[in-house]
file final_36.txt (compact mmCIF, C-alpha atoms and all ligand atoms)
# COMPACT_ATOMS: atom_id res chain seq x y z
CA MET X 20 109.68 -21.56 -64.69
CA ALA X 21 109.33 -18.10 -63.21
CA LYS X 22 110.53 -17.25 -59.73
CA TYR X 23 109.30 -14.33 -57.70
CA LEU X 24 110.51 -13.06 -54.38
CA SER X 25 107.91 -11.72 -52.01
CA SER X 26 108.61 -9.98 -48.73
CA SER X 27 105.05 -9.27 -47.65
CA GLU X 28 101.53 -10.60 -47.80
CA LYS X 29 100.63 -7.68 -50.07
CA GLN X 30 103.40 -8.52 -52.52
CA THR X 31 102.27 -12.13 -52.75
CA GLN X 32 98.75 -10.94 -53.48
CA GLN X 33 100.06 -8.59 -56.13
CA ILE X 34 101.93 -11.39 -57.91
CA ALA X 35 98.79 -13.54 -57.82
CA ARG X 36 96.70 -10.67 -59.10
CA GLN X 37 98.90 -10.19 -62.15
CA LEU X 38 98.70 -13.89 -62.94
CA ALA X 39 94.90 -13.80 -62.66
CA LYS X 40 94.73 -10.92 -65.10
CA MET X 41 96.54 -13.02 -67.68
CA VAL X 42 94.27 -15.97 -67.02
CA ARG X 43 91.22 -13.80 -67.56
CA GLN X 44 92.13 -13.50 -71.22
CA ALA X 45 90.05 -15.98 -73.17
CA HIS X 46 93.01 -17.54 -74.94
CA HIS X 47 94.65 -18.66 -71.73
CA LYS X 48 94.11 -22.40 -71.82
CA ARG X 49 95.65 -23.42 -68.53
CA LYS X 50 92.96 -23.12 -65.91
CA VAL X 51 94.05 -25.43 -63.10
CA PHE X 52 96.54 -24.09 -60.56
CA ALA X 53 98.19 -26.45 -58.10
CA LEU X 54 99.43 -24.71 -54.96
CA THR X 55 101.99 -26.37 -52.75
CA GLY X 56 104.04 -25.24 -49.78
CA GLU X 57 104.06 -25.76 -46.03
CA LEU X 58 101.40 -24.53 -43.65
CA GLY X 59 101.59 -20.74 -43.42
CA ALA X 60 103.53 -20.39 -46.66
CA GLY X 61 100.88 -18.13 -48.14
CA LYS X 62 98.74 -20.33 -50.37
CA THR X 63 95.45 -18.87 -49.17
CA ILE X 64 96.90 -15.35 -49.37
CA PHE X 65 97.83 -16.12 -52.98
CA VAL X 66 94.28 -17.28 -53.74
CA GLN X 67 92.96 -14.04 -52.24
CA GLY X 68 95.07 -11.95 -54.60
CA PHE X 69 94.17 -14.15 -57.54
CA ALA X 70 90.45 -13.78 -56.83
CA LYS X 71 90.84 -9.99 -56.63
CA GLY X 72 92.54 -10.05 -60.02
CA LEU X 73 89.45 -11.77 -61.42
CA GLY X 74 87.23 -9.07 -59.97
CA ILE X 75 85.79 -11.28 -57.24
CA LYS X 76 84.64 -9.28 -54.24
CA ASP X 77 83.81 -12.21 -51.92
CA LYS X 78 85.97 -12.73 -48.91
CA ILE X 79 88.34 -15.62 -49.59
CA ILE X 80 88.92 -17.70 -46.49
CA SER X 81 90.53 -21.01 -45.73
CA PRO X 82 87.95 -23.62 -46.60
CA THR X 83 88.73 -25.65 -43.39
CA PHE X 84 85.95 -28.20 -43.08
CA ILE X 85 84.37 -27.33 -46.37
CA LEU X 86 87.00 -28.43 -48.85
CA ILE X 87 85.52 -26.55 -51.78
CA ARG X 88 84.24 -23.04 -52.21
CA GLN X 89 83.01 -21.52 -55.44
CA HIS X 90 82.89 -17.90 -56.47
CA LYS X 91 81.22 -16.52 -59.54
CA ILE X 92 83.65 -14.51 -61.68
CA PRO X 93 81.96 -11.16 -62.45
CA ASP X 94 81.12 -10.35 -66.07
CA THR X 95 81.89 -13.89 -67.25
CA THR X 96 80.16 -17.26 -67.29
CA GLN X 97 83.09 -18.67 -65.35
CA THR X 98 83.42 -19.87 -61.80
CA LEU X 99 86.47 -19.85 -59.56
CA TYR X 100 86.83 -22.98 -57.46
CA HIS X 101 88.97 -22.70 -54.35
CA ILE X 102 89.80 -26.14 -53.08
CA ASP X 103 91.86 -26.93 -49.98
CA LEU X 104 92.84 -30.56 -49.52
CA TYR X 105 94.61 -30.07 -46.18
CA ARG X 106 91.98 -32.02 -44.29
CA LEU X 107 91.40 -34.60 -46.95
CA GLU X 108 91.97 -38.02 -45.44
CA ASP X 109 91.03 -40.36 -48.21
CA THR X 110 91.41 -39.89 -51.93
CA LYS X 111 88.17 -41.85 -52.31
CA ASP X 112 86.53 -38.60 -51.25
CA PHE X 113 87.45 -37.09 -54.62
CA ARG X 114 84.48 -38.90 -56.09
CA HIS X 115 82.07 -37.41 -53.54
CA MET X 116 83.59 -34.02 -54.14
CA GLY X 117 83.12 -34.36 -57.89
CA LEU X 118 86.71 -33.20 -58.29
CA LYS X 119 87.20 -34.79 -61.69
CA GLU X 120 84.15 -33.03 -63.08
CA ILE X 121 85.23 -29.71 -61.60
CA LEU X 122 88.69 -30.03 -63.14
CA SER X 123 87.43 -30.97 -66.59
CA ASP X 124 84.87 -28.18 -67.00
CA PRO X 125 86.47 -25.48 -69.20
CA ASN X 126 84.24 -22.91 -67.54
CA ASN X 127 86.06 -23.35 -64.27
CA ILE X 128 89.23 -21.78 -63.01
CA VAL X 129 90.46 -24.03 -60.24
CA LEU X 130 93.00 -23.27 -57.52
CA ILE X 131 93.95 -26.17 -55.26
CA GLU X 132 95.84 -25.87 -51.99
CA TRP X 133 97.78 -28.99 -50.95
CA ALA X 134 97.47 -30.09 -54.57
CA GLU X 135 100.07 -32.83 -54.10
CA LYS X 136 97.24 -34.87 -52.56
CA ALA X 137 95.40 -34.88 -55.90
CA LYS X 138 98.40 -35.43 -58.16
CA GLU X 139 96.78 -38.22 -60.17
CA LEU X 140 93.75 -36.11 -61.08
CA LEU X 141 95.50 -32.96 -62.22
CA PRO X 142 95.44 -32.23 -65.96
CA LYS X 143 98.77 -32.29 -67.81
CA ASN X 144 98.82 -28.56 -68.34
CA THR X 145 98.27 -27.69 -64.68
CA VAL X 146 100.15 -24.58 -63.59
CA LYS X 147 102.28 -25.43 -60.58
CA ILE X 148 102.80 -22.81 -57.93
CA ASN X 149 105.11 -23.58 -55.05
CA ILE X 150 105.60 -21.14 -52.22
CA SER X 151 108.55 -21.64 -49.93
CA LYS X 152 109.18 -19.84 -46.69
CA GLY X 153 112.39 -17.99 -45.98
CA ASP X 154 113.23 -15.77 -43.03
CA ASP X 155 110.48 -13.61 -41.57
CA GLN X 156 108.10 -12.56 -44.33
CA ASN X 157 110.26 -13.70 -47.22
CA ARG X 158 108.78 -16.15 -49.65
CA VAL X 159 109.91 -17.61 -52.96
CA ILE X 160 107.05 -18.20 -55.36
CA ALA X 161 107.93 -20.57 -58.20
CA ILE X 162 105.47 -20.82 -61.08
CA SER X 163 105.82 -23.42 -63.81
N1 LIG V 1 105.41 -12.75 -48.20
C1 LIG V 1 104.30 -13.30 -47.68
N2 LIG V 1 103.39 -13.86 -48.51
C2 LIG V 1 102.28 -14.44 -48.01
N3 LIG V 1 101.98 -14.53 -46.70
C3 LIG V 1 102.84 -13.99 -45.84
C4 LIG V 1 104.03 -13.36 -46.28
N4 LIG V 1 104.71 -12.90 -45.21
C5 LIG V 1 103.98 -13.24 -44.15
N5 LIG V 1 102.85 -13.88 -44.49
C6 LIG V 1 101.85 -14.42 -43.53
O1 LIG V 1 101.89 -15.84 -43.63
C7 LIG V 1 100.59 -16.35 -43.45
C8 LIG V 1 100.18 -17.18 -44.67
O2 LIG V 1 98.96 -17.78 -44.39
P1 LIG V 1 98.12 -18.63 -45.42
O3 LIG V 1 98.01 -17.93 -46.71
O4 LIG V 1 96.85 -19.00 -44.73
O5 LIG V 1 99.08 -19.91 -45.59
P2 LIG V 1 98.71 -21.32 -46.22
O6 LIG V 1 97.41 -21.20 -46.92
O7 LIG V 1 99.86 -21.61 -47.15
O8 LIG V 1 98.70 -22.27 -45.07
C9 LIG V 1 99.65 -15.17 -43.24
O9 LIG V 1 99.48 -14.98 -41.86
C10 LIG V 1 100.43 -14.01 -43.87
O10 LIG V 1 100.13 -12.77 -43.26
MG MG V 2 95.60 -22.25 -46.77
call {"tool": "encode", "arguments": {"input": "final_36.txt", "output": "structure tokens"}}
result
Amino acid sequence: MAKYLSSSEKQTQQIARQLAKMVRQAHHKRKVFALTGELGAGKTIFVQGFAKGLGIKDKIISPTFILIRQHKIPDTTQTLYHIDLYRLEDTKDFRHMGLKEILSDPNNIVLIEWAEKAKELLPKNTVKINISKGDDQNRVIAIS
């Protein structure tokens, strides 16, 4: 378990960016990242930094009604999936979303906000990232 303190949006993005750079290395086998933390904790901000670290230039936004967005990772055959389960009402929807298939494709790097809603589908080696809010802009980012 690694714990990071962040006191700004930028710092959270920087932490995420460093992690993404490690993941970019071919030998990094853990490619599913489960993000948890209350609304406004900084999960989407984290995904933004992570995407930058992979060289993705697209704007990363909260998926709101579209639960899944995909972004091609430049200079690779890989795809980043940004999934946000906040509005998911029924886990039966996982089938329609093809979530299992997305998670099992080794060509995908998958970041899931509100990942606790998909607990039963997450692979064993999922990287867990919890962001907790402190005072003002302070956040604790725990990665395990
Ligand atoms: N240290 C920090 N890390 C990340 N976001 C922060 C931080 N401090 C303040 N913020 C603000 O908190 C909000 C986080 O929003 P967002 O990433 O959409 O949260 P979530 O996706 O967890 O609901 C943003 O408005 C961001 O500017
Ligand atoms: Mg979000």
call {"tool": "atom_distance", "arguments": {"input": "final_36.txt", "atom1": "atom CA of Leu107 of chain X", "atom2": "atom CA of Val42 of chain X"}}
result
27.5 Å
call {"tool": "residues_near_ligand", "arguments": {"input": "final_36.txt", "ligand": "ligand LIG 1 (chain V)", "cutoff": "7 Å", "atoms": "all atoms listed in the file", "output": "ChimeraX atom specification"}}
result
/X:25-31,56-65,81,155-158
call {"tool": "closest_residue", "arguments": {"input": "final_36.txt", "among": "X:Gln67, X:Ser123, X:Gln97, X:Thr110", "to": "ligand MG 2 (chain V)", "atoms": "all atoms listed in the file"}}
result
X:Gln67
call {"tool": "atom_distance", "arguments": {"input": "final_36.txt", "atom1": "atom CA of Val159 of chain X", "atom2": "atom CA of Tyr23 of chain X"}}
result
5.8 Å
call {"tool": "residues_around", "arguments": {"input": "final_36.txt", "residues": "Ile160 of chain X", "least_positions_apart": "2", "cutoff": "8 Å", "atoms": "only C-alpha atoms", "output": "list in words"}}
result
Lys22, Tyr23, Leu24, Ser25, Ile148, Asn149, Ile150, Ser151, Arg158 and Ile162 of chain X
call {"tool": "atom_distance", "arguments": {"input": "final_36.txt", "atom1": "atom CA of Asp77 of chain X", "atom2": "atom CA of Leu99 of chain X"}}
result
11.1 Å
call {"tool": "residues_around", "arguments": {"input": "final_36.txt", "residues": "Ile87 of chain X", "least_positions_apart": "5", "cutoff": "7 Å", "atoms": "all atoms listed in the file", "output": "PDB file with C-alpha atoms, in the frame of the given file"}}
result
ATOM      1  CA  PRO X  82      87.950 -23.620 -46.600  1.00  0.00           C
ATOM      2  CA  TYR X 100      86.830 -22.980 -57.460  1.00  0.00           C
ATOM      3  CA  HIS X 101      88.970 -22.700 -54.350  1.00  0.00           C
ATOM      4  CA  ILE X 102      89.800 -26.140 -53.080  1.00  0.00           C
ATOM      5  CA  ASP X 103      91.860 -26.930 -49.980  1.00  0.00           C
TER       6      ASP X 103
END
call {"tool": "residues_near_point", "arguments": {"input": "final_36.txt", "point": "(94.3, -26.5, -51.7)", "cutoff": "8 Å", "atoms": "all atoms listed in the file", "output": "VMD selection string"}}
result
chain X and resid 53 to 55 62 101 to 105 130 to 134
call {"tool": "build_atoms", "arguments": {"input": "final_36.txt", "residues": "segment 74-99 of chain X", "atoms": "N, CA and C atoms", "output": "PDB file, keeping the file's coordinate frame"}}
result
ATOM      1  N   GLY X  74      88.350  -9.963 -60.268  1.00  0.00           N
ATOM      2  CA  GLY X  74      87.230  -9.070 -59.970  1.00  0.00           C
ATOM      3  C   GLY X  74      86.256  -9.615 -58.944  1.00  0.00           C
ATOM      4  N   ILE X  75      86.661 -10.680 -58.261  1.00  0.00           N
ATOM      5  CA  ILE X  75      85.790 -11.280 -57.240  1.00  0.00           C
ATOM      6  C   ILE X  75      85.855 -10.453 -55.962  1.00  0.00           C
ATOM      7  N   LYS X  76      84.682 -10.134 -55.437  1.00  0.00           N
ATOM      8  CA  LYS X  76      84.640  -9.280 -54.240  1.00  0.00           C
ATOM      9  C   LYS X  76      84.428 -10.087 -52.961  1.00  0.00           C
ATOM     10  N   ASP X  77      84.049 -11.369 -53.103  1.00  0.00           N
ATOM     11  CA  ASP X  77      83.810 -12.210 -51.920  1.00  0.00           C
ATOM     12  C   ASP X  77      85.063 -12.272 -51.064  1.00  0.00           C
ATOM     13  N   LYS X  78      84.840 -12.504 -49.805  1.00  0.00           N
ATOM     14  CA  LYS X  78      85.970 -12.730 -48.910  1.00  0.00           C
ATOM     15  C   LYS X  78      86.482 -14.160 -49.154  1.00  0.00           C
ATOM     16  N   ILE X  79      87.757 -14.293 -49.375  1.00  0.00           N
ATOM     17  CA  ILE X  79      88.340 -15.620 -49.590  1.00  0.00           C
ATOM     18  C   ILE X  79      88.939 -16.091 -48.275  1.00  0.00           C
ATOM     19  N   ILE X  80      88.418 -17.192 -47.765  1.00  0.00           N
ATOM     20  CA  ILE X  80      88.920 -17.700 -46.490  1.00  0.00           C
ATOM     21  C   ILE X  80      89.412 -19.128 -46.670  1.00  0.00           C
ATOM     22  N   SER X  81      90.096 -19.622 -45.669  1.00  0.00           N
ATOM     23  CA  SER X  81      90.530 -21.010 -45.730  1.00  0.00           C
ATOM     24  C   SER X  81      89.309 -21.902 -45.664  1.00  0.00           C
ATOM     25  N   PRO X  82      89.168 -22.815 -46.614  1.00  0.00           N
ATOM     26  CA  PRO X  82      87.950 -23.620 -46.600  1.00  0.00           C
ATOM     27  C   PRO X  82      87.785 -24.557 -45.380  1.00  0.00           C
ATOM     28  N   THR X  83      88.780 -24.745 -44.569  1.00  0.00           N
ATOM     29  CA  THR X  83      88.730 -25.650 -43.390  1.00  0.00           C
ATOM     30  C   THR X  83      87.883 -26.899 -43.601  1.00  0.00           C
ATOM     31  N   PHE X  84      86.706 -26.948 -42.989  1.00  0.00           N
ATOM     32  CA  PHE X  84      85.950 -28.200 -43.080  1.00  0.00           C
ATOM     33  C   PHE X  84      85.265 -28.376 -44.416  1.00  0.00           C
ATOM     34  N   ILE X  85      84.909 -27.245 -45.024  1.00  0.00           N
ATOM     35  CA  ILE X  85      84.370 -27.330 -46.370  1.00  0.00           C
ATOM     36  C   ILE X  85      85.585 -27.297 -47.283  1.00  0.00           C
ATOM     37  N   LEU X  86      85.766 -28.361 -48.051  1.00  0.00           N
ATOM     38  CA  LEU X  86      87.000 -28.430 -48.850  1.00  0.00           C
ATOM     39  C   LEU X  86      86.915 -27.579 -50.109  1.00  0.00           C
ATOM     40  N   ILE X  87      85.689 -27.260 -50.513  1.00  0.00           N
ATOM     41  CA  ILE X  87      85.520 -26.550 -51.780  1.00  0.00           C
ATOM     42  C   ILE X  87      84.637 -25.320 -51.600  1.00  0.00           C
ATOM     43  N   ARG X  88      85.092 -24.227 -52.146  1.00  0.00           N
ATOM     44  CA  ARG X  88      84.240 -23.040 -52.210  1.00  0.00           C
ATOM     45  C   ARG X  88      84.216 -22.557 -53.650  1.00  0.00           C
ATOM     46  N   GLN X  89      83.067 -22.052 -54.085  1.00  0.00           N
ATOM     47  CA  GLN X  89      83.010 -21.520 -55.440  1.00  0.00           C
ATOM     48  C   GLN X  89      82.590 -20.063 -55.429  1.00  0.00           C
ATOM     49  N   HIS X  90      83.155 -19.332 -56.369  1.00  0.00           N
ATOM     50  CA  HIS X  90      82.890 -17.900 -56.470  1.00  0.00           C
ATOM     51  C   HIS X  90      82.645 -17.578 -57.935  1.00  0.00           C
ATOM     52  N   LYS X  91      81.542 -16.929 -58.184  1.00  0.00           N
ATOM     53  CA  LYS X  91      81.220 -16.520 -59.540  1.00  0.00           C
ATOM     54  C   LYS X  91      82.213 -15.440 -59.965  1.00  0.00           C
ATOM     55  N   ILE X  92      82.718 -15.527 -61.185  1.00  0.00           N
ATOM     56  CA  ILE X  92      83.650 -14.510 -61.680  1.00  0.00           C
ATOM     57  C   ILE X  92      82.837 -13.437 -62.410  1.00  0.00           C
ATOM     58  N   PRO X  93      82.819 -12.213 -61.890  1.00  0.00           N
ATOM     59  CA  PRO X  93      81.960 -11.160 -62.450  1.00  0.00           C
ATOM     60  C   PRO X  93      82.184 -10.952 -63.955  1.00  0.00           C
ATOM     61  N   ASP X  94      81.102 -10.663 -64.635  1.00  0.00           N
ATOM     62  CA  ASP X  94      81.120 -10.350 -66.070  1.00  0.00           C
ATOM     63  C   ASP X  94      81.607 -11.499 -66.948  1.00  0.00           C
ATOM     64  N   THR X  95      81.537 -12.717 -66.445  1.00  0.00           N
ATOM     65  CA  THR X  95      81.890 -13.890 -67.250  1.00  0.00           C
ATOM     66  C   THR X  95      80.888 -14.989 -66.908  1.00  0.00           C
ATOM     67  N   THR X  96      80.987 -16.102 -67.637  1.00  0.00           N
ATOM     68  CA  THR X  96      80.160 -17.260 -67.290  1.00  0.00           C
ATOM     69  C   THR X  96      80.980 -18.228 -66.448  1.00  0.00           C
ATOM     70  N   GLN X  97      82.156 -17.768 -66.030  1.00  0.00           N
ATOM     71  CA  GLN X  97      83.090 -18.670 -65.350  1.00  0.00           C
ATOM     72  C   GLN X  97      82.957 -18.647 -63.833  1.00  0.00           C
ATOM     73  N   THR X  98      83.453 -19.727 -63.254  1.00  0.00           N
ATOM     74  CA  THR X  98      83.420 -19.870 -61.800  1.00  0.00           C
ATOM     75  C   THR X  98      84.835 -20.159 -61.297  1.00  0.00           C
ATOM     76  N   LEU X  99      85.206 -19.518 -60.212  1.00  0.00           N
ATOM     77  CA  LEU X  99      86.470 -19.850 -59.560  1.00  0.00           C
ATOM     78  C   LEU X  99      86.194 -20.881 -58.465  1.00  0.00           C
TER      79      LEU X  99
END
